[in-house]
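A.B. asks: This is input-v2.txt, which holds compact mmCIF, C-alpha atoms and all ligand atoms:
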# COMPACT_ATOMS: atom_id res chain seq x y z
CA MET A 1 0.00 0.00 0.00
CA LEU A 2 1.27 3.47 -0.88
CA SER A 3 2.18 5.87 1.92
CA PHE A 4 0.68 9.33 2.29
CA TRP A 5 3.99 10.79 0.99
CA GLU A 6 4.09 8.52 -2.01
CA LYS A 7 0.52 9.44 -2.89
CA GLU A 8 1.30 13.14 -2.44
CA HIS A 9 4.50 13.21 -4.51
CA PHE A 10 4.68 10.25 -6.87
CA GLN A 11 1.19 9.66 -8.20
CA SER A 12 0.05 12.75 -10.09
CA TYR A 13 1.69 14.39 -13.08
CA ASP A 14 0.72 16.92 -15.72
CA ILE A 15 1.98 14.72 -18.53
CA GLY A 16 2.72 11.02 -18.72
CA ILE A 17 4.80 9.79 -21.66
CA VAL A 18 4.83 6.09 -22.44
CA GLY A 19 8.15 4.94 -23.93
CA ALA A 20 11.70 6.17 -23.32
CA GLY A 21 12.98 5.92 -26.90
CA ILE A 22 14.22 8.93 -28.87
CA VAL A 23 10.68 10.21 -29.37
CA GLY A 24 9.53 9.86 -25.74
CA LEU A 25 12.70 11.52 -24.41
CA SER A 26 12.61 14.28 -27.05
CA THR A 27 8.95 15.00 -26.30
CA ALA A 28 9.65 15.26 -22.57
CA ILE A 29 12.63 17.56 -23.17
CA SER A 30 10.65 19.84 -25.51
CA ILE A 31 7.80 20.08 -22.97
CA LYS A 32 10.20 21.02 -20.16
CA GLU A 33 12.01 23.50 -22.41
CA ALA A 34 8.65 25.17 -23.09
CA ASP A 35 7.47 25.17 -19.46
CA LYS A 36 9.82 23.96 -16.74
CA ASN A 37 7.00 23.89 -14.17
CA LEU A 38 5.08 21.10 -15.86
CA LYS A 39 5.47 17.79 -14.04
CA VAL A 40 6.48 15.18 -16.62
CA VAL A 41 6.99 11.45 -16.13
CA ILE A 42 8.24 8.90 -18.67
CA LEU A 43 7.09 5.31 -18.19
CA GLU A 44 9.33 2.71 -19.80
CA ARG A 45 8.58 -1.02 -19.66
CA GLY A 46 12.24 -2.06 -19.95
CA LEU A 47 15.11 -1.42 -17.59
CA LEU A 48 16.61 0.23 -20.66
CA PRO A 49 14.64 1.67 -23.59
CA THR A 50 13.57 -1.52 -25.38
CA GLY A 51 12.54 -0.88 -28.98
CA ALA A 52 14.65 0.66 -31.73
CA SER A 53 16.42 3.65 -30.20
CA THR A 54 19.20 1.74 -28.44
CA LYS A 55 19.32 -1.07 -31.02
CA ASN A 56 20.03 0.69 -34.32
CA ALA A 57 23.45 0.82 -35.97
CA GLY A 58 24.16 4.55 -35.49
CA PHE A 59 23.55 5.95 -38.96
CA ALA A 60 22.56 9.57 -39.49
CA CYS A 61 20.81 9.08 -42.82
CA VAL A 62 18.77 11.22 -45.17
CA GLY A 63 18.36 8.51 -47.82
CA SER A 64 20.69 6.62 -50.16
CA PHE A 65 20.52 7.32 -53.90
CA THR A 66 18.79 4.05 -54.86
CA GLU A 67 16.31 4.54 -51.99
CA ILE A 68 15.51 8.00 -53.39
CA VAL A 69 15.10 6.55 -56.92
CA ASP A 70 12.80 3.91 -55.41
CA ASP A 71 10.75 6.55 -53.56
CA LEU A 72 10.39 8.59 -56.76
CA GLN A 73 8.33 5.77 -58.25
CA HIS A 74 5.55 6.53 -55.75
CA ASN A 75 6.11 10.19 -54.85
CA SER A 76 6.90 13.49 -56.54
CA LEU A 77 10.41 14.97 -56.54
CA ASP A 78 9.24 17.70 -54.14
CA GLU A 79 7.84 15.11 -51.70
CA VAL A 80 10.97 12.97 -51.82
CA VAL A 81 13.35 15.91 -51.36
CA GLY A 82 10.99 17.28 -48.66
CA LEU A 83 11.54 14.07 -46.69
CA MET A 84 15.32 14.36 -47.16
CA GLN A 85 15.10 17.94 -45.88
CA MET A 86 13.08 16.85 -42.84
CA ARG A 87 15.71 14.21 -42.02
CA TYR A 88 18.61 16.63 -42.50
CA GLU A 89 17.01 19.35 -40.40
CA GLY A 90 15.95 16.80 -37.78
CA LEU A 91 19.58 15.72 -37.46
CA ALA A 92 20.61 19.37 -37.14
CA MET A 93 18.10 19.75 -34.29
CA LEU A 94 19.48 16.66 -32.54
CA LYS A 95 23.06 17.91 -32.93
CA GLY A 96 22.03 21.34 -31.66
CA ARG A 97 20.40 19.86 -28.58
CA LEU A 98 23.11 17.35 -27.65
CA GLY A 99 26.28 18.79 -29.17
CA GLU A 100 28.13 16.66 -31.74
CA LYS A 101 30.64 15.45 -29.15
CA ASN A 102 27.90 14.00 -26.94
CA MET A 103 26.75 11.67 -29.68
CA ASP A 104 30.13 11.24 -31.40
CA TYR A 105 28.67 12.67 -34.59
CA GLN A 106 30.94 12.38 -37.64
CA GLU A 107 29.53 14.02 -40.75
CA ASN A 108 31.89 12.40 -43.23
CA GLY A 109 29.23 11.53 -45.77
CA SER A 110 28.36 8.00 -46.77
CA HIS A 111 28.84 5.74 -49.76
CA GLU A 112 26.45 3.46 -51.56
CA LEU A 113 27.70 0.35 -53.34
CA LEU A 114 26.34 -0.38 -56.81
CA PHE A 115 26.88 -3.81 -58.32
CA GLY A 116 27.18 -5.42 -61.76
CA GLU A 117 24.79 -4.04 -64.32
CA ALA A 118 23.38 -1.24 -62.13
CA GLN A 119 22.92 2.04 -63.98
CA VAL A 120 22.96 5.46 -62.37
CA ASP A 121 20.34 7.85 -63.66
CA LEU A 122 22.41 11.02 -63.78
CA ASP A 123 19.37 13.13 -64.70
CA ILE A 124 17.64 12.11 -61.47
CA MET A 125 20.84 12.77 -59.53
CA ALA A 126 21.11 16.25 -61.05
CA ALA A 127 17.44 17.03 -60.33
CA VAL A 128 17.76 15.94 -56.68
CA ASN A 129 21.04 17.85 -56.28
CA GLU A 130 19.53 21.02 -57.72
CA LYS A 131 16.71 20.84 -55.14
CA THR A 132 18.91 20.02 -52.13
CA ASN A 133 21.34 22.75 -53.18
CA ALA A 134 18.48 25.27 -53.24
CA ILE A 135 16.99 24.11 -49.92
CA LEU A 136 19.98 22.93 -47.87
CA GLY A 137 22.80 24.77 -49.62
CA ARG A 138 24.52 21.48 -50.53
CA LYS A 139 24.23 18.90 -53.24
CA ALA A 140 23.34 15.48 -51.94
CA PHE A 141 24.96 13.00 -54.32
CA SER A 142 27.94 12.51 -56.60
CA VAL A 143 29.56 9.54 -58.27
CA SER A 144 32.58 8.78 -56.09
CA HIS A 145 36.08 8.45 -57.47
CA LYS A 146 37.19 6.60 -54.34
CA LYS A 147 38.70 3.19 -55.15
CA SER A 148 36.46 0.38 -53.93
CA VAL A 149 38.00 -2.01 -51.42
CA PHE A 150 34.90 -4.20 -51.57
CA GLY A 151 34.15 -7.49 -53.29
CA GLY A 152 31.01 -9.04 -54.78
CA GLY A 153 31.28 -7.18 -58.11
CA VAL A 154 30.99 -3.61 -56.87
CA LYS A 155 30.81 -1.46 -59.99
CA MET A 156 30.85 1.99 -58.45
CA LEU A 157 30.29 4.02 -55.31
CA ILE A 158 27.87 6.92 -54.96
CA GLU A 159 28.71 9.45 -52.31
CA ASN A 160 26.02 11.09 -50.18
CA HIS A 161 27.37 14.36 -48.79
CA LEU A 162 24.62 14.88 -46.19
CA GLU A 163 25.05 11.78 -44.03
CA GLY A 164 27.19 10.75 -41.10
CA SER A 165 27.66 8.29 -38.27
CA LEU A 166 27.00 8.55 -34.56
CA ASN A 167 27.28 6.52 -31.38
CA THR A 168 23.79 5.29 -30.55
CA GLY A 169 24.55 4.48 -26.91
CA LEU A 170 26.13 7.87 -26.26
CA LEU A 171 23.26 9.64 -27.99
CA MET A 172 20.65 7.92 -25.82
CA GLN A 173 22.66 8.41 -22.64
CA SER A 174 22.98 12.13 -23.45
CA LEU A 175 19.24 12.48 -24.12
CA ILE A 176 18.46 10.75 -20.80
CA ASN A 177 20.90 13.08 -19.00
CA ILE A 178 19.25 16.19 -20.50
CA ALA A 179 15.77 14.95 -19.58
CA LEU A 180 16.84 14.22 -15.99
CA ARG A 181 18.61 17.59 -15.70
CA LEU A 182 15.38 19.31 -16.75
CA GLY A 183 13.50 17.49 -14.00
CA VAL A 184 11.77 14.80 -16.07
CA GLU A 185 11.13 11.67 -13.99
CA ILE A 186 11.82 8.34 -15.69
CA LYS A 187 10.32 5.17 -14.27
CA THR A 188 11.77 2.03 -15.82
CA GLY A 189 10.22 -1.42 -15.51
CA TYR A 190 6.80 0.23 -15.76
CA THR A 191 4.57 -1.33 -18.44
CA VAL A 192 1.43 0.61 -19.27
CA LYS A 193 -1.18 -2.06 -19.98
CA SER A 194 -4.39 -0.08 -19.79
CA ILE A 195 -5.72 3.37 -19.04
CA LYS A 196 -9.05 4.70 -17.79
CA ARG A 197 -10.40 8.14 -18.46
CA THR A 198 -12.37 9.89 -15.71
CA GLU A 199 -13.26 13.53 -15.12
CA ASN A 200 -10.01 13.90 -13.12
CA GLY A 201 -7.81 12.89 -16.04
CA ILE A 202 -6.23 9.69 -17.31
CA HIS A 203 -5.62 6.88 -14.82
CA LEU A 204 -2.82 4.46 -15.60
CA VAL A 205 -3.87 1.11 -14.25
CA HIS A 206 -0.92 -0.58 -12.51
CA SER A 207 -0.68 -3.15 -9.72
CA SER A 208 1.92 -1.33 -7.62
CA LEU A 209 1.93 2.29 -8.79
CA PRO A 210 -1.32 3.52 -10.35
CA LEU A 211 -0.85 7.04 -11.69
CA LEU A 212 -3.03 9.98 -12.62
CA VAL A 213 -1.98 12.29 -15.48
CA LYS A 214 -3.71 15.22 -17.17
CA LYS A 215 -2.39 14.20 -20.61
CA ILE A 216 -0.88 11.00 -21.88
CA ALA A 217 1.41 10.56 -24.91
CA PHE A 218 2.16 7.18 -26.41
CA CYS A 219 5.67 7.16 -27.89
CA THR A 220 5.60 3.41 -28.21
CA ASN A 221 6.40 3.10 -31.94
CA ALA A 222 6.11 -0.55 -33.09
CA PHE A 223 4.40 -1.63 -29.86
CA THR A 224 1.53 0.86 -30.05
CA SER A 225 -1.08 -1.56 -31.43
CA LEU A 226 -0.60 -3.75 -28.33
CA ILE A 227 -2.13 -0.99 -26.20
CA LEU A 228 -4.11 1.04 -28.78
CA PRO A 229 -5.43 -1.69 -31.10
CA ASP A 230 -7.30 0.77 -33.34
CA LEU A 231 -3.99 2.16 -34.52
CA ILE A 232 -2.66 -0.25 -37.12
CA ILE A 233 1.13 -0.18 -37.27
CA ALA A 234 3.29 -2.82 -38.94
CA PRO A 235 6.28 -3.88 -36.86
CA GLY A 236 9.51 -4.56 -38.74
CA ARG A 237 12.39 -6.24 -36.99
CA GLY A 238 15.93 -5.36 -38.04
CA GLN A 239 18.94 -7.67 -37.62
CA VAL A 240 22.42 -6.36 -36.84
CA LEU A 241 25.79 -8.02 -36.24
CA VAL A 242 29.13 -6.83 -34.94
CA THR A 243 32.47 -8.47 -35.69
CA LYS A 244 35.25 -8.96 -33.21
CA PRO A 245 38.03 -6.33 -33.55
CA LEU A 246 39.94 -6.89 -36.81
CA LYS A 247 43.71 -6.62 -37.17
CA LYS A 248 43.28 -4.44 -40.23
CA LEU A 249 40.20 -2.69 -41.63
CA SER A 250 40.45 -1.10 -45.06
CA PHE A 251 37.50 1.29 -44.80
CA GLN A 252 36.12 3.88 -42.40
CA GLY A 253 32.70 5.52 -42.37
CA ILE A 254 29.22 4.43 -43.35
CA TYR A 255 28.00 2.49 -46.38
CA HIS A 256 24.72 1.19 -47.82
CA PHE A 257 23.52 -1.00 -50.61
CA ASP A 258 20.28 -2.33 -52.11
CA ALA A 259 18.09 0.80 -51.63
CA GLY A 260 19.13 1.13 -47.99
CA TYR A 261 18.13 -2.45 -47.09
CA TYR A 262 21.74 -3.23 -46.11
CA TYR A 263 24.05 -0.91 -44.19
CA PHE A 264 27.50 -1.25 -42.66
CA ARG A 265 30.07 0.89 -40.91
CA ASN A 266 33.22 0.67 -38.91
CA TYR A 267 33.23 1.16 -35.17
CA LYS A 268 36.91 1.54 -34.36
CA ASN A 269 38.30 -1.65 -35.95
CA ARG A 270 35.06 -3.62 -35.83
CA VAL A 271 32.39 -3.84 -38.54
CA ILE A 272 28.73 -3.29 -37.65
CA PHE A 273 26.49 -4.68 -40.39
CA GLY A 274 22.69 -4.76 -40.50
CA GLY A 275 19.71 -5.24 -42.74
CA GLY A 276 18.38 -8.04 -44.91
CA ARG A 277 14.74 -7.51 -43.90
CA SER A 278 13.93 -7.49 -47.63
CA ILE A 279 14.63 -11.24 -47.90
CA ASP A 280 12.10 -12.19 -45.19
CA LYS A 281 9.68 -9.32 -44.62
CA ALA A 282 6.96 -11.66 -43.34
CA GLY A 283 9.31 -13.32 -40.83
CA GLU A 284 10.43 -9.94 -39.56
CA ALA A 285 6.93 -8.47 -39.18
CA THR A 286 6.98 -9.08 -35.44
CA THR A 287 7.22 -7.21 -32.13
CA GLU A 288 9.30 -10.07 -30.66
CA PHE A 289 13.06 -9.55 -30.42
CA GLY A 290 15.07 -12.46 -31.79
CA ILE A 291 17.39 -13.77 -34.46
CA ASN A 292 16.26 -14.73 -37.97
CA GLU A 293 18.52 -17.56 -39.14
CA LYS A 294 17.90 -16.96 -42.84
CA ILE A 295 18.93 -13.31 -42.52
CA GLN A 296 21.80 -14.20 -40.20
CA LEU A 297 23.25 -16.47 -42.93
CA ASP A 298 22.65 -13.84 -45.59
CA LEU A 299 24.47 -11.17 -43.55
CA LYS A 300 27.36 -13.51 -42.86
CA ASP A 301 27.64 -14.37 -46.56
CA LYS A 302 27.58 -10.72 -47.66
CA LEU A 303 30.06 -9.79 -44.95
CA ALA A 304 32.51 -12.37 -46.31
CA ARG A 305 31.94 -11.75 -50.03
CA ILE A 306 31.33 -8.01 -50.20
CA ILE A 307 32.54 -6.19 -47.09
CA LEU A 308 35.59 -8.15 -45.97
CA PRO A 309 36.64 -10.16 -49.05
CA ASN A 310 39.75 -12.28 -48.59
CA GLN A 311 39.97 -11.38 -44.93
CA ALA A 312 39.49 -13.57 -41.87
CA PHE A 313 36.92 -12.30 -39.37
CA GLU A 314 34.86 -13.52 -36.46
CA ILE A 315 31.33 -12.41 -35.71
CA ASP A 316 31.14 -11.34 -32.09
CA TYR A 317 27.34 -11.41 -31.81
CA TYR A 318 23.99 -10.51 -33.39
CA TRP A 319 21.10 -8.45 -32.02
CA SER A 320 17.75 -7.18 -33.22
CA GLY A 321 15.66 -4.03 -32.87
CA ILE A 322 12.03 -3.38 -33.74
CA MET A 323 10.94 -0.58 -36.09
CA ALA A 324 7.44 0.53 -37.11
CA PHE A 325 6.17 0.93 -40.67
CA GLY A 326 2.97 1.73 -42.55
CA ALA A 327 1.66 2.48 -46.01
CA ASP A 328 3.75 5.65 -46.30
CA LYS A 329 6.95 6.94 -44.71
CA ASN A 330 5.33 9.70 -42.63
CA PRO A 331 5.17 9.35 -38.84
CA ILE A 332 1.80 9.49 -37.08
CA VAL A 333 1.68 12.47 -34.70
CA LYS A 334 -1.83 13.23 -33.53
CA LYS A 335 -4.44 13.41 -30.79
CA VAL A 336 -6.23 10.06 -30.54
CA GLY A 337 -8.83 10.80 -27.87
CA LEU A 338 -9.60 13.20 -25.04
CA HIS A 339 -6.22 13.96 -23.35
CA GLN A 340 -4.49 11.21 -25.40
CA PHE A 341 -1.77 11.63 -28.03
CA VAL A 342 0.57 9.49 -30.11
CA ALA A 343 3.85 10.02 -31.97
CA VAL A 344 4.70 6.71 -33.61
CA LYS A 345 5.67 4.91 -36.87
CA LEU A 346 9.12 6.36 -37.32
CA GLY A 347 10.22 3.67 -39.82
CA GLY A 348 13.97 3.64 -40.41
CA MET A 349 14.17 7.40 -39.85
CA GLY A 350 13.71 7.93 -36.13
CA ILE A 351 17.27 8.99 -35.38
CA ALA A 352 16.91 11.66 -38.03
CA ILE A 353 13.41 12.91 -37.29
CA GLY A 354 12.78 11.82 -33.67
CA SER A 355 13.68 15.23 -32.17
CA MET A 356 11.42 17.08 -34.58
CA VAL A 357 8.55 14.67 -34.02
CA GLY A 358 8.99 15.09 -30.24
CA ALA A 359 8.86 18.88 -30.59
CA GLN A 360 5.71 18.64 -32.70
CA LEU A 361 4.02 16.40 -30.13
CA ALA A 362 5.10 18.63 -27.23
CA ASN A 363 3.49 21.65 -28.94
CA MET A 364 0.22 19.75 -29.43
CA ILE A 365 0.09 18.69 -25.78
CA ILE A 366 0.92 22.15 -24.40
CA GLN A 367 -1.69 23.74 -26.64
CA ASP A 368 -4.25 21.22 -25.38
CA LEU A 369 -3.34 22.00 -21.75
CA ASN A 370 -3.70 25.73 -22.47
CA GLU A 371 -7.11 25.15 -24.05
CA ASP A 372 -8.21 23.24 -20.90
CA ASP A 373 -7.15 26.22 -18.77
CA LEU A 374 -9.25 28.57 -20.90
CA SER A 375 -12.40 26.41 -20.81
C1 LIG A 401 18.41 -2.09 -36.84
C2 LIG A 401 17.90 -0.70 -36.93
C3 LIG A 401 18.50 0.24 -37.79
C4 LIG A 401 18.01 1.54 -37.87
N1 LIG A 401 18.66 2.45 -38.68
C5 LIG A 401 18.26 3.74 -38.66
C6 LIG A 401 18.95 4.73 -39.42
O1 LIG A 401 19.90 4.43 -40.11
N2 LIG A 401 18.53 6.01 -39.35
C7 LIG A 401 17.45 6.38 -38.60
O2 LIG A 401 17.11 7.57 -38.59
N3 LIG A 401 16.77 5.47 -37.89
C8 LIG A 401 17.14 4.16 -37.91
N4 LIG A 401 16.44 3.22 -37.21
C9 LIG A 401 15.15 3.60 -36.66
C10 LIG A 401 15.22 4.34 -35.35
O3 LIG A 401 16.06 3.66 -34.45
C11 LIG A 401 13.78 4.41 -34.82
O4 LIG A 401 12.94 5.02 -35.80
C12 LIG A 401 13.68 5.22 -33.54
O5 LIG A 401 14.60 4.76 -32.60
C13 LIG A 401 12.25 5.10 -33.00
O6 LIG A 401 12.23 5.76 -31.76
P1 LIG A 401 10.90 5.70 -30.88
O7 LIG A 401 11.17 6.45 -29.67
O8 LIG A 401 9.73 6.09 -31.73
O9 LIG A 401 10.67 4.15 -30.62
P2 LIG A 401 11.46 3.11 -29.71
O10 LIG A 401 12.88 3.40 -29.63
O11 LIG A 401 11.06 1.76 -30.18
O12 LIG A 401 10.85 3.38 -28.27
C14 LIG A 401 9.58 2.92 -27.87
C15 LIG A 401 9.70 2.62 -26.40
O13 LIG A 401 8.40 2.35 -25.87
C16 LIG A 401 8.54 1.36 -24.87
N5 LIG A 401 7.20 0.76 -24.68
C17 LIG A 401 6.45 0.14 -25.61
N6 LIG A 401 5.27 -0.24 -25.10
C18 LIG A 401 5.26 0.16 -23.80
C19 LIG A 401 4.30 0.06 -22.75
N7 LIG A 401 3.10 -0.49 -22.94
N8 LIG A 401 4.63 0.57 -21.52
C20 LIG A 401 5.83 1.17 -21.32
N9 LIG A 401 6.77 1.29 -22.30
C21 LIG A 401 6.49 0.79 -23.53
C22 LIG A 401 9.56 0.41 -25.48
O14 LIG A 401 10.15 -0.41 -24.49
C23 LIG A 401 10.55 1.38 -26.12
O15 LIG A 401 11.62 1.73 -25.28
C24 LIG A 401 16.89 1.92 -37.11
C25 LIG A 401 16.29 1.00 -36.25
C26 LIG A 401 16.78 -0.30 -36.15
C27 LIG A 401 16.13 -1.28 -35.22
The structure in this file should be written as structure tokens.
Ligand SMILES: Cc1cc2nc3c(=O)[nH]c(=O)nc-3n(C[C@H](O)[C@H](O)[C@H](O)COP(=O)(O)OP(=O)(O)OC[C@H]3O[C@@H](n4cnc5c(N)ncnc54)[C@H](O)[C@@H]3O)c2cc1C
C.D. replies:
Amino acid sequence: MLSFWEKEHFQSYDIGIVGAGIVGLSTAISIKEADKNLKVVILERGLLPTGASTKNAGFACVGSFTEIVDDLQHNSLDEVVGLMQMRYEGLAMLKGRLGEKNMDYQENGSHELLFGEAQVDLDIMAAVNEKTNAILGRKAFSVSHKKSVFGGGVKMLIENHLEGSLNTGLLMQSLINIALRLGVEIKTGYTVKSIKRTENGIHLVHSSLPLLVKKIAFCTNAFTSLILPDLIIAPGRGQVLVTKPLKKLSFQGIYHFDAGYYYFRNYKNRVIFGGGRSIDKAGEATTEFGINEKIQLDLKDKLARIILPNQAFEIDYYWSGIMAFGADKNPIVKKVGLHQFVAVKLGGMGIAIGSMVGAQLANMIIQDLNEDDLS
């Protein structure tokens, strides 16, 4: 049973945020930046954030060239470049908030590997570059003259000048530190299973610590349908591996191939390599963490043939993270009921746009609180 003091101090908040990933933390930070007096609590089911934010490979991406060409089949040039702009500006916001050092941000560009018969549509490249130059002051792509050190029939490399790498763990630790410094409370090991709305606000039903909040925000990405079943979101698991430290590594920086479905980078003298969801989309449409053997074999094969040809290596271990997808690439940021909000479905773009999405959600919630005060 809760004490008088616990009931007085630890049960009521202005805003409850479910999920301590990039979006939940960014939302909490933006709310506190707007009004430091608001009492904000983040409720996270894991002891660590347990979705995508601590499980990705640390790529600051705006889109590889073949991904952009792919997107242009369904969207206009303005829409596609608009999404690149959102990702670029989202990354700028994240860097501004954390400082590049606190996420080990290295904007050294990235390279995409093209194989065999692949053709580069230089007209599309020029059209995209003209737009990014006008909007961002930089062209996005060029055909690289760097000599390939890769195997598997790499024909050429395309450089993306807008991308970079970061340290995912450092980034998340820094976001947590900022949130705590601003007075956000974070309760880990707290799963929100159901809520009840009464005239006092939203009650979070919980066996040991039921809470009352004025507003609730679900930043639960791929896991949202488990608690809000009306919101249909497709989970997409991503597989990643890391090698043991190598004696010699002939590349640095970040690389992609196959329209962004595969991505690899160095971390010191290790290789981090992820992707392959395209070969078993059905098997990876799950909210359960775990290893997919078919993809594991595929990654191992591509690591040996393409990334580290003629070089001995050992895989240290594999892990997985869960992303959220839908019919289009746009996140869902909206009010879903009285006092209830969501910011979910970040796809493979949450590092890039998570801060912006959090700011957007924070504005919505604060506006809603202000409207309550007026009524
Ligand atoms: C392998 C991989 C590679 C990626 N590569 C890139 C990339 O190159 N560039 C890029 O921009 N993005 C990339 N992403 C995507 C990016 O990591 C995500 O879009 C982003 O982290 C999503 O953040 P989020 O806060 O919305 O969700 P999450 O990080 O998934 O956070 C949701 C949180 O909610 C918690 N939660 C869920 N349900 C409940 C509940 N009922 N009660 C309490 N807590 C709950 C979960 O435990 C979790 O911590 C990648 C992701 C993966 C997995």
A.B. asks: Using all atoms listed in the file, pick whichever of A:Ser278, A:Thr224, A:Gln311, A:Ser208 has the shortest atom-to-atom distance to Phe10 in chain A.
C.D. replies: A:Ser208
A.B. asks: Tell me which protein, DNA and RNA residues are within 12 Å of Ile332 in chain A, counting only C-alpha atoms, leaving out same-chain ones fewer than 3 positions away, and put them as a VMD selection string.
C.D. replies: chain A and resid 23 218 to 222 224 231 to 233 324 to 329 335 to 336 341 to 347 354 357 to 358 360 to 361
A.B. asks: To check your reading of the model: which residues sit at most 6 Å from ligand LIG 401 (chain A) when counting only C-alpha atoms and all ligand atoms? Write the answer as an MDAnalysis selection string.
C.D. replies: chainID A and resid 18:24 43:46 49:53 55:57 59:61 190:193 219:221 223 238:240 321:323 344 346:352
A.B. asks: Near Glu67 in chain A, within 9 Å and counting only C-alpha atoms, which residues show up once chain neighbours fewer than 5 positions away are dropped, as JSON, numbers by chain?
C.D. replies: {"A": [72, 258, 259, 260, 261]}
A.B. asks: Show me, as a PDB file with C-alpha atoms, keeping the file's coordinate frame, the residues that have an atom within 8 Å of Val40 in chain A when counting all atoms listed in the file, minus same-chain residues fewer than 2 positions from it.
C.D. replies:
ATOM      1  CA  TYR A  13       1.690  14.390 -13.080  1.00  0.00           C
ATOM      2  CA  ASP A  14       0.720  16.920 -15.720  1.00  0.00           C
ATOM      3  CA  ILE A  15       1.980  14.720 -18.530  1.00  0.00           C
ATOM      4  CA  GLY A  16       2.720  11.020 -18.720  1.00  0.00           C
ATOM      5  CA  ILE A  17       4.800   9.790 -21.660  1.00  0.00           C
ATOM      6  CA  ALA A  28       9.650  15.260 -22.570  1.00  0.00           C
ATOM      7  CA  LYS A  32      10.200  21.020 -20.160  1.00  0.00           C
ATOM      8  CA  LEU A  38       5.080  21.100 -15.860  1.00  0.00           C
ATOM      9  CA  ILE A  42       8.240   8.900 -18.670  1.00  0.00           C
ATOM     10  CA  GLY A 183      13.500  17.490 -14.000  1.00  0.00           C
ATOM     11  CA  VAL A 184      11.770  14.800 -16.070  1.00  0.00           C
ATOM     12  CA  GLU A 185      11.130  11.670 -13.990  1.00  0.00           C
TER      13      GLU A 185
END
A.B. asks: Between A:Val143, A:Ala126, A:Leu369, A:Leu249, which is the closest to Lys155 in chain A once you count only C-alpha atoms?
C.D. replies: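 Among the listed residues, A:Val143 lies closest to Lys155 in chain A.
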A.B. asks: Contacts of Lys247 in chain A at 12 Å or less, counting all atoms listed in the file, minus same-chain residues fewer than 5 places along, as a list in words?
C.D. replies: Lys268, Asn269, Arg270, Val271, Gln311, Ala312, Phe313 and Glu314 of chain A
A.B. asks: Figure out the distance between CA of Gly283 in chain A and CA of Ile295 in chain A, please, to one decimal in Å.
C.D. replies: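 CA of Ile295 in chain A sits 9.8 Å away from CA of Gly283 in chain A.
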A.B. asks: Distance CA of Glu130 in chain A-CA of Ile353 in chain A, one decimal place?
C.D. replies: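 Distance reported for this atom pair: 22.8 Å.
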A.B. asks: Can you work out the spacing between CA of Asn266 in chain A and CA of Gln252 in chain A in Å, to one decimal?
C.D. replies: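 Between CA of Asn266 in chain A and CA of Gln252 in chain A the gap works out to 5.6 Å.
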A.B. asks: When distances are computed from only C-alpha atoms, which of A:Leu246, A:Leu241, A:Leu113, A:Ala304 shows the smallest separation from Gly153 in chain A?
C.D. replies: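 Closest candidate: A:Leu113.
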A.B. asks: Taking into account all atoms listed in the file, which residue in the set A:Met125, A:Ala359, A:Ala134, A:Leu25 is nearest to Ile158 in chain A?
C.D. replies: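 Ranked by minimum distance to Ile158 in chain A, first place goes to A:Met125.
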A.B. asks: Excluding Leu122 in chain A and residues on its chain fewer than 4 positions from it, collect all residues at most 12 Å away from it, counting all atoms listed in the file, and give them as number ranges by chain.
C.D. replies: A: 65-66, 69, 126-129, 141-143, 158
A.B. asks: Rank A:Leu77, A:Val242, A:Leu180, A:Ile124 by their smallest atom-to-atom distance to Leu303 in chain A, using only C-alpha atoms, and report the top residue only.
C.D. replies: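 Checking each candidate against Leu303 in chain A, we get A:Val242 as the closest.
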A.B. asks: Nearest residue to Leu338 in chain A out of A:Glu112, A:Glu199, A:Glu288, A:Asp230, using all atoms listed in the file?
C.D. replies: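 Under the stated criterion, the closest residue is A:Glu199.
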A.B. asks: Return the padded bounding box of range 365-375 of chain A as AutoDock Vina command-line options: axis-aligned, built from all atoms listed in the file, 8 Å added on each side, with centre and edge lengths in Å to one decimal.
C.D. replies:
--center_x -5.7 --center_y 23.6 --center_z -22.7 --size_x 29.3 --size_y 25.9 --size_z 23.9
A.B. asks: Kindly extract all protein, DNA and RNA residues lying within 7 Å of the coordinates (24.1, 15.8, -51.3) given in the file, considering all atoms listed in the file, and supply them as a list in words.
C.D. replies: Asn129, Thr132, Arg138, Lys139, Ala140, Phe141, Asn160, His161 and Leu162 of chain A
A.B. asks: How would the residues just picked look written out with C-alpha atoms as a CSV table (one decimal), keeping the file's coordinate frame?
C.D. replies:
chain,number,residue,atom,x,y,z
A,129,ASN,CA,21.0,17.8,-56.3
A,132,THR,CA,18.9,20.0,-52.1
A,138,ARG,CA,24.5,21.5,-50.5
A,139,LYS,CA,24.2,18.9,-53.2
A,140,ALA,CA,23.3,15.5,-51.9
A,141,PHE,CA,25.0,13.0,-54.3
A,160,ASN,CA,26.0,11.1,-50.2
A,161,HIS,CA,27.4,14.4,-48.8
A,162,LEU,CA,24.6,14.9,-46.2
A.B. asks: Within 6 Å of (-0.6, 1.9, -17.6) in the file's own coordinates, which protein, DNA or RNA residues have an atom, counting only C-alpha atoms? List them as a PyMOL selection string.
C.D. replies: chain A and resi 192-195+204-206
